[in-house]
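For reference, structure-v1.txt is printed below; it contains compact mmCIF, C-alpha atoms and all ligand atoms.
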```txt
# COMPACT_ATOMS: atom_id res chain seq x y z
CA MET A 1 -11.00 -11.21 35.90
CA THR A 2 -10.10 -7.90 34.29
CA THR A 3 -8.82 -4.95 36.26
CA GLU A 4 -9.39 -2.51 33.43
CA THR A 5 -12.20 -0.01 33.83
CA SER A 6 -15.00 -0.79 31.38
CA PRO A 7 -15.81 2.01 28.95
CA GLU A 8 -19.15 3.62 29.64
CA MET A 9 -21.85 1.71 27.78
CA ALA A 10 -25.20 3.05 26.62
CA GLU A 11 -28.16 0.66 26.67
CA VAL A 12 -31.57 0.64 25.03
CA VAL A 13 -34.61 -1.62 24.88
CA PRO A 14 -35.70 -1.14 21.25
CA GLY A 15 -39.21 0.25 20.96
CA PRO A 16 -41.27 3.01 19.34
CA ASN A 17 -39.77 5.75 21.54
CA THR A 18 -36.15 4.64 21.34
CA GLN A 19 -35.58 4.33 17.61
CA LYS A 20 -32.81 6.94 17.51
CA ALA A 21 -30.84 5.15 20.24
CA PHE A 22 -31.38 1.76 18.55
CA ARG A 23 -30.07 3.24 15.27
CA ASP A 24 -27.06 4.58 17.17
CA ALA A 25 -26.33 1.06 18.43
CA LEU A 26 -26.78 -0.48 14.96
CA GLY A 27 -24.54 2.24 13.49
CA ARG A 28 -21.57 0.81 15.43
CA PHE A 29 -21.54 -1.94 12.77
CA ALA A 30 -19.51 -0.53 9.86
CA THR A 31 -20.61 -1.51 6.36
CA GLY A 32 -19.65 -0.82 2.81
CA VAL A 33 -21.86 1.37 0.64
CA THR A 34 -23.66 0.20 -2.49
CA VAL A 35 -25.93 1.67 -5.13
CA VAL A 36 -28.65 -0.73 -6.30
CA THR A 37 -30.08 -0.07 -9.77
CA THR A 38 -32.97 -1.45 -11.75
CA HIS A 39 -35.13 -0.65 -14.75
CA SER A 40 -38.48 0.74 -13.59
CA GLU A 41 -41.70 2.16 -15.05
CA ILE A 42 -40.12 5.62 -14.96
CA GLY A 43 -36.82 4.46 -16.46
CA PRO A 44 -33.47 3.77 -14.79
CA LEU A 45 -33.74 3.88 -10.99
CA GLY A 46 -31.03 3.77 -8.31
CA ILE A 47 -30.87 3.78 -4.52
CA THR A 48 -27.98 3.94 -2.07
CA ALA A 49 -28.02 0.95 0.29
CA ASN A 50 -25.80 -0.46 3.02
CA SER A 51 -28.00 -3.51 3.72
CA PHE A 52 -26.15 -5.55 1.10
CA ALA A 53 -24.68 -8.85 2.32
CA SER A 54 -23.26 -11.97 0.76
CA VAL A 55 -25.37 -15.06 1.49
CA SER A 56 -24.09 -18.13 -0.38
CA LEU A 57 -21.22 -19.11 -2.68
CA ASP A 58 -22.96 -22.16 -4.19
CA PRO A 59 -25.46 -21.18 -5.39
CA PRO A 60 -24.17 -17.58 -5.64
CA LEU A 61 -26.66 -15.58 -3.56
CA VAL A 62 -26.66 -12.07 -2.08
CA LEU A 63 -29.28 -9.98 -0.27
CA TRP A 64 -30.27 -6.41 0.34
CA SER A 65 -33.29 -4.76 2.01
CA PRO A 66 -35.42 -1.97 0.53
CA ALA A 67 -37.31 0.09 3.13
CA LYS A 68 -41.11 -0.01 2.86
CA HIS A 69 -41.39 3.72 3.51
CA SER A 70 -39.24 4.58 0.48
CA ARG A 71 -40.93 6.04 -2.58
CA ARG A 72 -38.72 3.65 -4.55
CA TYR A 73 -39.82 0.58 -2.56
CA HIS A 74 -42.26 -1.00 -5.01
CA ALA A 75 -39.91 -0.71 -7.97
CA PHE A 76 -37.11 -2.43 -6.05
CA ALA A 77 -39.18 -4.98 -4.10
CA GLU A 78 -40.80 -6.13 -7.34
CA ALA A 79 -37.72 -5.97 -9.57
CA THR A 80 -36.84 -9.28 -11.22
CA ASP A 81 -33.42 -8.01 -12.32
CA PHE A 82 -31.14 -5.46 -10.69
CA ALA A 83 -27.48 -4.65 -10.12
CA ILE A 84 -25.58 -3.93 -6.91
CA HIS A 85 -22.61 -1.57 -7.20
CA VAL A 86 -20.02 -1.47 -4.41
CA ILE A 87 -18.85 2.13 -4.11
CA GLY A 88 -15.15 3.03 -3.94
CA GLU A 89 -13.72 5.51 -1.43
CA GLU A 90 -13.39 8.23 -4.09
CA GLN A 91 -17.03 7.80 -5.22
CA ALA A 92 -18.92 9.22 -2.22
CA GLU A 93 -20.65 11.67 -4.57
CA ILE A 94 -22.38 8.78 -6.38
CA ALA A 95 -23.64 7.39 -3.05
CA SER A 96 -24.89 10.83 -1.97
CA ARG A 97 -26.69 11.54 -5.23
CA PHE A 98 -28.60 8.22 -5.23
CA SER A 99 -29.55 8.59 -1.59
CA ARG A 100 -31.26 11.88 -2.49
CA ASN A 101 -32.61 11.12 -5.97
CA GLY A 102 -33.38 7.78 -7.62
CA THR A 103 -33.21 9.13 -11.16
CA ALA A 104 -29.88 10.97 -10.83
CA PHE A 105 -28.16 9.20 -13.72
CA ASP A 106 -27.25 12.43 -15.59
CA GLY A 107 -23.47 12.76 -15.63
CA CYS A 108 -22.96 9.13 -14.53
CA ASP A 109 -21.06 6.72 -16.76
CA TRP A 110 -23.71 4.01 -17.27
CA ALA A 111 -25.24 1.73 -19.89
CA PRO A 112 -28.08 -0.82 -19.87
CA SER A 113 -27.14 -4.50 -19.51
CA ASP A 114 -28.38 -7.21 -21.89
CA ARG A 115 -31.30 -7.61 -19.42
CA GLY A 116 -32.09 -3.87 -19.42
CA VAL A 117 -30.58 -3.11 -16.00
CA PRO A 118 -28.68 0.20 -15.73
CA LEU A 119 -25.03 -0.64 -15.02
CA LEU A 120 -22.79 2.04 -13.51
CA ASN A 121 -19.19 1.86 -14.71
CA GLY A 122 -16.12 2.46 -12.56
CA CYS A 123 -17.44 1.12 -9.24
CA LEU A 124 -15.28 -1.10 -7.01
CA ALA A 125 -17.44 -4.15 -7.72
CA ARG A 126 -20.70 -4.86 -9.50
CA PHE A 127 -23.08 -7.78 -9.10
CA GLU A 128 -25.71 -8.37 -11.80
CA CYS A 129 -28.57 -10.12 -10.04
CA SER A 130 -31.83 -11.93 -10.65
CA THR A 131 -34.32 -12.04 -7.74
CA VAL A 132 -34.86 -15.54 -6.30
CA THR A 133 -37.21 -14.75 -3.41
CA THR A 134 -38.23 -11.97 -1.03
CA HIS A 135 -39.13 -12.15 2.66
CA ASP A 136 -40.92 -9.80 4.99
CA GLY A 137 -38.46 -8.02 7.26
CA GLY A 138 -40.51 -5.66 9.42
CA ASP A 139 -40.28 -2.18 7.92
CA HIS A 140 -37.99 -3.55 5.19
CA ARG A 141 -38.27 -6.38 2.63
CA ILE A 142 -35.39 -8.84 2.33
CA VAL A 143 -34.53 -9.49 -1.32
CA ILE A 144 -32.44 -12.59 -2.03
CA ALA A 145 -30.97 -12.80 -5.49
CA ARG A 146 -28.74 -14.97 -7.63
CA VAL A 147 -25.60 -13.30 -8.96
CA LEU A 148 -25.41 -13.77 -12.73
CA ARG A 149 -22.15 -11.89 -13.21
CA ALA A 150 -19.61 -10.23 -10.88
CA THR A 151 -17.16 -7.53 -12.00
CA TRP A 152 -14.53 -5.84 -9.83
CA ARG A 153 -11.37 -3.74 -9.79
CA ASP A 154 -8.60 -2.99 -7.32
CA GLY A 155 -9.24 -0.13 -4.89
CA ALA A 156 -10.46 0.81 -1.43
CA PRO A 157 -14.13 0.79 -0.40
CA LEU A 158 -16.27 3.64 0.86
CA VAL A 159 -17.25 2.77 4.44
CA PHE A 160 -20.38 3.76 6.39
CA SER A 161 -20.49 3.87 10.18
CA GLN A 162 -22.34 5.94 12.77
CA GLY A 163 -24.14 7.94 10.10
CA GLN A 164 -21.00 8.96 8.25
CA MET A 165 -19.15 7.89 5.12
CA GLY A 166 -15.43 7.42 5.50
CA ARG A 167 -12.42 5.36 4.51
CA PHE A 168 -11.09 1.96 5.45
CA ALA A 169 -7.73 2.12 7.24
CA LEU A 170 -5.38 -0.73 8.13
CA PRO A 171 -4.34 -0.75 11.83
CA ASP A 172 -0.88 0.66 11.08
CA ASP A 173 -2.02 3.24 8.51
CA ALA A 174 -0.66 6.67 9.42
CA ASP A 175 -3.29 9.40 9.50
C1 LIG B 201 -25.36 4.97 3.63
C2 LIG B 201 -26.82 4.77 3.30
C3 LIG B 201 -27.36 3.50 3.32
C4 LIG B 201 -28.71 3.28 3.01
N1 LIG B 201 -29.19 2.01 2.99
C5 LIG B 201 -30.46 1.78 2.62
C6 LIG B 201 -30.96 0.45 2.50
O1 LIG B 201 -30.25 -0.53 2.72
N2 LIG B 201 -32.26 0.28 2.11
C7 LIG B 201 -33.07 1.34 1.83
O2 LIG B 201 -34.23 1.14 1.48
N3 LIG B 201 -32.63 2.62 1.93
C8 LIG B 201 -31.34 2.85 2.30
N4 LIG B 201 -30.88 4.14 2.38
C9 LIG B 201 -31.80 5.26 2.09
C10 LIG B 201 -31.93 5.52 0.58
O3 LIG B 201 -30.67 5.62 -0.06
C11 LIG B 201 -32.67 6.84 0.30
O4 LIG B 201 -32.02 7.89 0.97
C12 LIG B 201 -34.13 6.80 0.73
O5 LIG B 201 -34.76 5.73 0.05
C13 LIG B 201 -34.80 8.14 0.39
O6 LIG B 201 -36.18 8.05 0.41
P1 LIG B 201 -37.05 7.95 -0.97
O7 LIG B 201 -36.67 6.64 -1.61
O8 LIG B 201 -38.45 7.98 -0.50
O9 LIG B 201 -36.64 9.11 -1.85
C14 LIG B 201 -29.54 4.37 2.69
C15 LIG B 201 -28.99 5.67 2.67
C16 LIG B 201 -27.66 5.87 2.97
C17 LIG B 201 -27.08 7.26 2.91
```

Rewrite the structure of this file - the entire thing - as structure tokens.
Amino acid sequence: MTTETSPEMAEVVPGPNTQKAFRDALGRFATGVTVVTTHSEIGPLGITANSFASVSLDPPLVLWSPAKHSRRYHAFAEATDFAIHVIGEEQAEIASRFSRNGTAFDGCDWAPSDRGVPLLNGCLARFECSTVTTHDGGDHRIVIARVLRATWRDGAPLVFSQGQMGRFALPDDAD
């Protein structure tokens, strides 16, 4: 039995009128930040996403979830090939630009892959992917893909939590 006073907890039953509170609860889970890119009917397309997750080592599978309400949904849900770029802590500008605008490649260091997918250079890690299957996920679609090639460099990740982008700190890091 603990004698410590519990911190005050908020509680919500998720439903149509409590979406903001539900998001607040979900936002306690910190994630990295990625930019997913693909070749689309209108040319190179990107989107900032934090729904990325590793799934399997053998076979090498990852997932991410495009939102059905996004104007970019169909291009990404139907993409056979795409790339997932893990954003470094000094690259918040790239994450911001692709959250606002899917065609914001001007000024980015990028080149098409051998499969025509726009590849951003300089990110912390990059996964070149081929879609294996997609599943319905409520207001999102869950895209599961095989990783054809992984590229990475040393560095610290950009982190997203509670609606804000920030930095990863080790427990004894001085502020
Ligand atoms: C940190 C962060 C994470 C996001 N994660 C996702 C995601 O996983 N899936 C998604 O569809 N949109 C995600 N978004 C939203 C898109 O980046 C983009 O803002 C949204 O699609 C804009 O709407 P539009 O596509 O209609 O222009 C995220 C945005 C931010 C800032």

Between A:Glu128, A:Glu93, A:Asp106, A:Glu41, which has the minimum distance to A:Asp81 (counting only C-alpha atoms)?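 Looking at the shortest contact to A:Asp81, the residue is A:Glu128.
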
Hey, could you make a per-residue contact list for chain A against ligand LIG 201 (chain B) with 6 Å as the cut-off, showing the nearest pair of atoms and its distance in Å to one decimal, counting all atoms listed in the file, sorted by chain and number, as CSV?
```
residue,atom,partner,partner_atom,distance
A:Val33,CA,B:LIG201,C1,5.8
A:Ile47,CA,B:LIG201,O3,4.8
A:Thr48,CA,B:LIG201,O3,3.8
A:Ala49,CA,B:LIG201,N1,3.1
A:Asn50,CA,B:LIG201,N1,4.2
A:Ser51,CA,B:LIG201,O1,3.9
A:Ser65,CA,B:LIG201,N2,5.1
A:Pro66,CA,B:LIG201,O2,3.5
A:Ala67,CA,B:LIG201,O2,3.6
A:Ser70,CA,B:LIG201,O8,3.6
A:Arg71,CA,B:LIG201,O8,3.8
A:Arg72,CA,B:LIG201,O7,4.7
A:Ser99,CA,B:LIG201,O3,3.5
A:Arg100,CA,B:LIG201,O4,5.3
A:Phe160,CA,B:LIG201,C1,5.8
```

Could those selected residues go to a file with C-alpha atoms, as a compact mmCIF listing (two decimals), in the coordinates of the input?
```txt
# COMPACT_ATOMS: atom_id res chain seq x y z
CA VAL A 33 -21.86 1.37 0.64
CA ILE A 47 -30.87 3.78 -4.52
CA THR A 48 -27.98 3.94 -2.07
CA ALA A 49 -28.02 0.95 0.29
CA ASN A 50 -25.80 -0.46 3.02
CA SER A 51 -28.00 -3.51 3.72
CA SER A 65 -33.29 -4.76 2.01
CA PRO A 66 -35.42 -1.97 0.53
CA ALA A 67 -37.31 0.09 3.13
CA SER A 70 -39.24 4.58 0.48
CA ARG A 71 -40.93 6.04 -2.58
CA ARG A 72 -38.72 3.65 -4.55
CA SER A 99 -29.55 8.59 -1.59
CA ARG A 100 -31.26 11.88 -2.49
CA PHE A 160 -20.38 3.76 6.39
```

Enumerate, in order of chain and increasing residue number, the residues of stretch 67-140 of chain A with an atom no farther than 10 Å from stretch 54-61 of chain A, each with its shortest atom pair and distance in Å to one decimal, counting all atoms listed in the file, as a tab-separated table.
```
residue	atom	partner	partner_atom	distance
A:Cys129	CA	A:Leu61	CA	8.7
A:Ser130	CA	A:Leu61	CA	9.5
A:Thr131	CA	A:Leu61	CA	9.4
A:Val132	CA	A:Leu61	CA	8.6
```

Those same residues - C-alpha atoms - I'd like them written as a compact mmCIF listing (two decimals), keeping the file's coordinate frame.
```txt
# COMPACT_ATOMS: atom_id res chain seq x y z
CA CYS A 129 -28.57 -10.12 -10.04
CA SER A 130 -31.83 -11.93 -10.65
CA THR A 131 -34.32 -12.04 -7.74
CA VAL A 132 -34.86 -15.54 -6.30
```

With all atoms listed in the file as the counted atoms, please give the residues lying no more than 9 Å from A:Cys123, apart from itself and same-chain residues fewer than 3 positions off, as a list of chain:residue names.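 Near neighbours after the sequence-gap exclusion: A:His85, A:Val86, A:Ile87, A:Gly88, A:Gln91, A:Leu120, A:Arg126, A:Trp152, A:Arg153.
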
Provide an axis-aligned box for all listed atoms of stretch 127-140 of chain A, padding each side by 5 Å; report its centre and its edge lengths in Å to one decimal, as lines of an AutoDock Vina configuration file.
```
center_x = -32.0
center_y = -8.9
center_z = -1.2
size_x = 27.8
size_y = 23.4
size_z = 31.2
```

For each of A:Asn121, A:Thr34, A:Thr133, A:Gln162, take the minimum atom-to-atom distance to A:Cys108, counting only C-alpha atoms, then give the residue where this is smallest. A:Asn121

When you count all atoms listed in the file, which of these residues is closest to A:Pro118: A:His74, A:Ala145, A:Ala83, A:Val35? A:Ala83

Got a sec: who's within 10 Å of A:Ser161, counting only C-alpha atoms, leaving out chain neighbours fewer than 3 positions off, as a PyMOL selection string? chain A and resi 24+26-33+50+164-167

Determine the nearest neighbour of A:Ala10 from the options A:Phe168, A:Phe22, A:Phe76, A:Phe52, counting all atoms listed in the file.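 That would be A:Phe22, the residue with the smallest distance to A:Ala10.
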
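Shortest separation to A:Asn101 among A:Phe82, A:Ala21, A:Ala150, A:Gly46 occurs at residue A:Gly46, atoms counted being all atoms listed in the file.
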
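The space between atom CA of A:Thr38 and atom CA of A:Ile94 spans 15.7 Å.
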
Grab the atom CA of A:Gly138 to atom CA of A:Ile42 distance for me, in Å with one decimal place. 26.9 Å

Quick one, how far is atom CA of A:Glu78 from atom CA of A:His135? 11.8 Å

So which one's closest to A:Gly102, A:Gly122, A:Gly116, A:Pro44, A:Gly137? Using all atoms listed in the file, please.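 The shortest atom-to-atom distance to A:Gly102 comes from A:Pro44.
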
How about completing stretch 62-77 of chain A with N, CA and C atoms and giving it to me as a JSON list (two decimals), in the coordinates of the input?
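Okay, this is what ended up in out25.json:
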```json
[["chain", "number", "residue", "atom", "x", "y", "z"],
["A", 62, "VAL", "N", -26.88, -13.27, -2.90],
["A", 62, "VAL", "CA", -26.66, -12.07, -2.08],
["A", 62, "VAL", "C", -28.02, -11.58, -1.61],
["A", 63, "LEU", "N", -28.01, -10.61, -0.68],
["A", 63, "LEU", "CA", -29.28, -9.98, -0.27],
["A", 63, "LEU", "C", -29.10, -8.50, -0.08],
["A", 64, "TRP", "N", -30.21, -7.79, -0.12],
["A", 64, "TRP", "CA", -30.27, -6.41, 0.34],
["A", 64, "TRP", "C", -31.71, -6.14, 0.76],
["A", 65, "SER", "N", -31.95, -5.01, 1.43],
["A", 65, "SER", "CA", -33.29, -4.76, 2.01],
["A", 65, "SER", "C", -33.79, -3.37, 1.66],
["A", 66, "PRO", "N", -34.77, -3.26, 0.77],
["A", 66, "PRO", "CA", -35.42, -1.97, 0.53],
["A", 66, "PRO", "C", -36.40, -1.63, 1.66],
["A", 67, "ALA", "N", -36.41, -0.37, 2.05],
["A", 67, "ALA", "CA", -37.31, 0.09, 3.13],
["A", 67, "ALA", "C", -38.71, 0.32, 2.58],
["A", 68, "LYS", "N", -39.72, -0.12, 3.33],
["A", 68, "LYS", "CA", -41.11, -0.01, 2.86],
["A", 68, "LYS", "C", -41.58, 1.42, 2.77],
["A", 69, "HIS", "N", -40.95, 2.32, 3.54],
["A", 69, "HIS", "CA", -41.39, 3.72, 3.51],
["A", 69, "HIS", "C", -40.80, 4.49, 2.33],
["A", 70, "SER", "N", -39.88, 3.88, 1.60],
["A", 70, "SER", "CA", -39.24, 4.58, 0.48],
["A", 70, "SER", "C", -40.21, 4.71, -0.69],
["A", 71, "ARG", "N", -40.14, 5.86, -1.36],
["A", 71, "ARG", "CA", -40.93, 6.04, -2.58],
["A", 71, "ARG", "C", -40.47, 5.08, -3.67],
["A", 72, "ARG", "N", -39.26, 4.55, -3.53],
["A", 72, "ARG", "CA", -38.72, 3.65, -4.55],
["A", 72, "ARG", "C", -38.97, 2.18, -4.20],
["A", 73, "TYR", "N", -39.68, 1.95, -3.09],
["A", 73, "TYR", "CA", -39.82, 0.58, -2.56],
["A", 73, "TYR", "C", -40.42, -0.39, -3.58],
["A", 74, "HIS", "N", -41.56, -0.02, -4.16],
["A", 74, "HIS", "CA", -42.26, -1.00, -5.01],
["A", 74, "HIS", "C", -41.41, -1.39, -6.21],
["A", 75, "ALA", "N", -40.75, -0.40, -6.80],
["A", 75, "ALA", "CA", -39.91, -0.71, -7.97],
["A", 75, "ALA", "C", -38.82, -1.71, -7.59],
["A", 76, "PHE", "N", -38.21, -1.54, -6.42],
["A", 76, "PHE", "CA", -37.11, -2.43, -6.05],
["A", 76, "PHE", "C", -37.60, -3.76, -5.47],
["A", 77, "ALA", "N", -38.68, -3.73, -4.69],
["A", 77, "ALA", "CA", -39.18, -4.98, -4.10],
["A", 77, "ALA", "C", -39.73, -5.91, -5.17]]
```
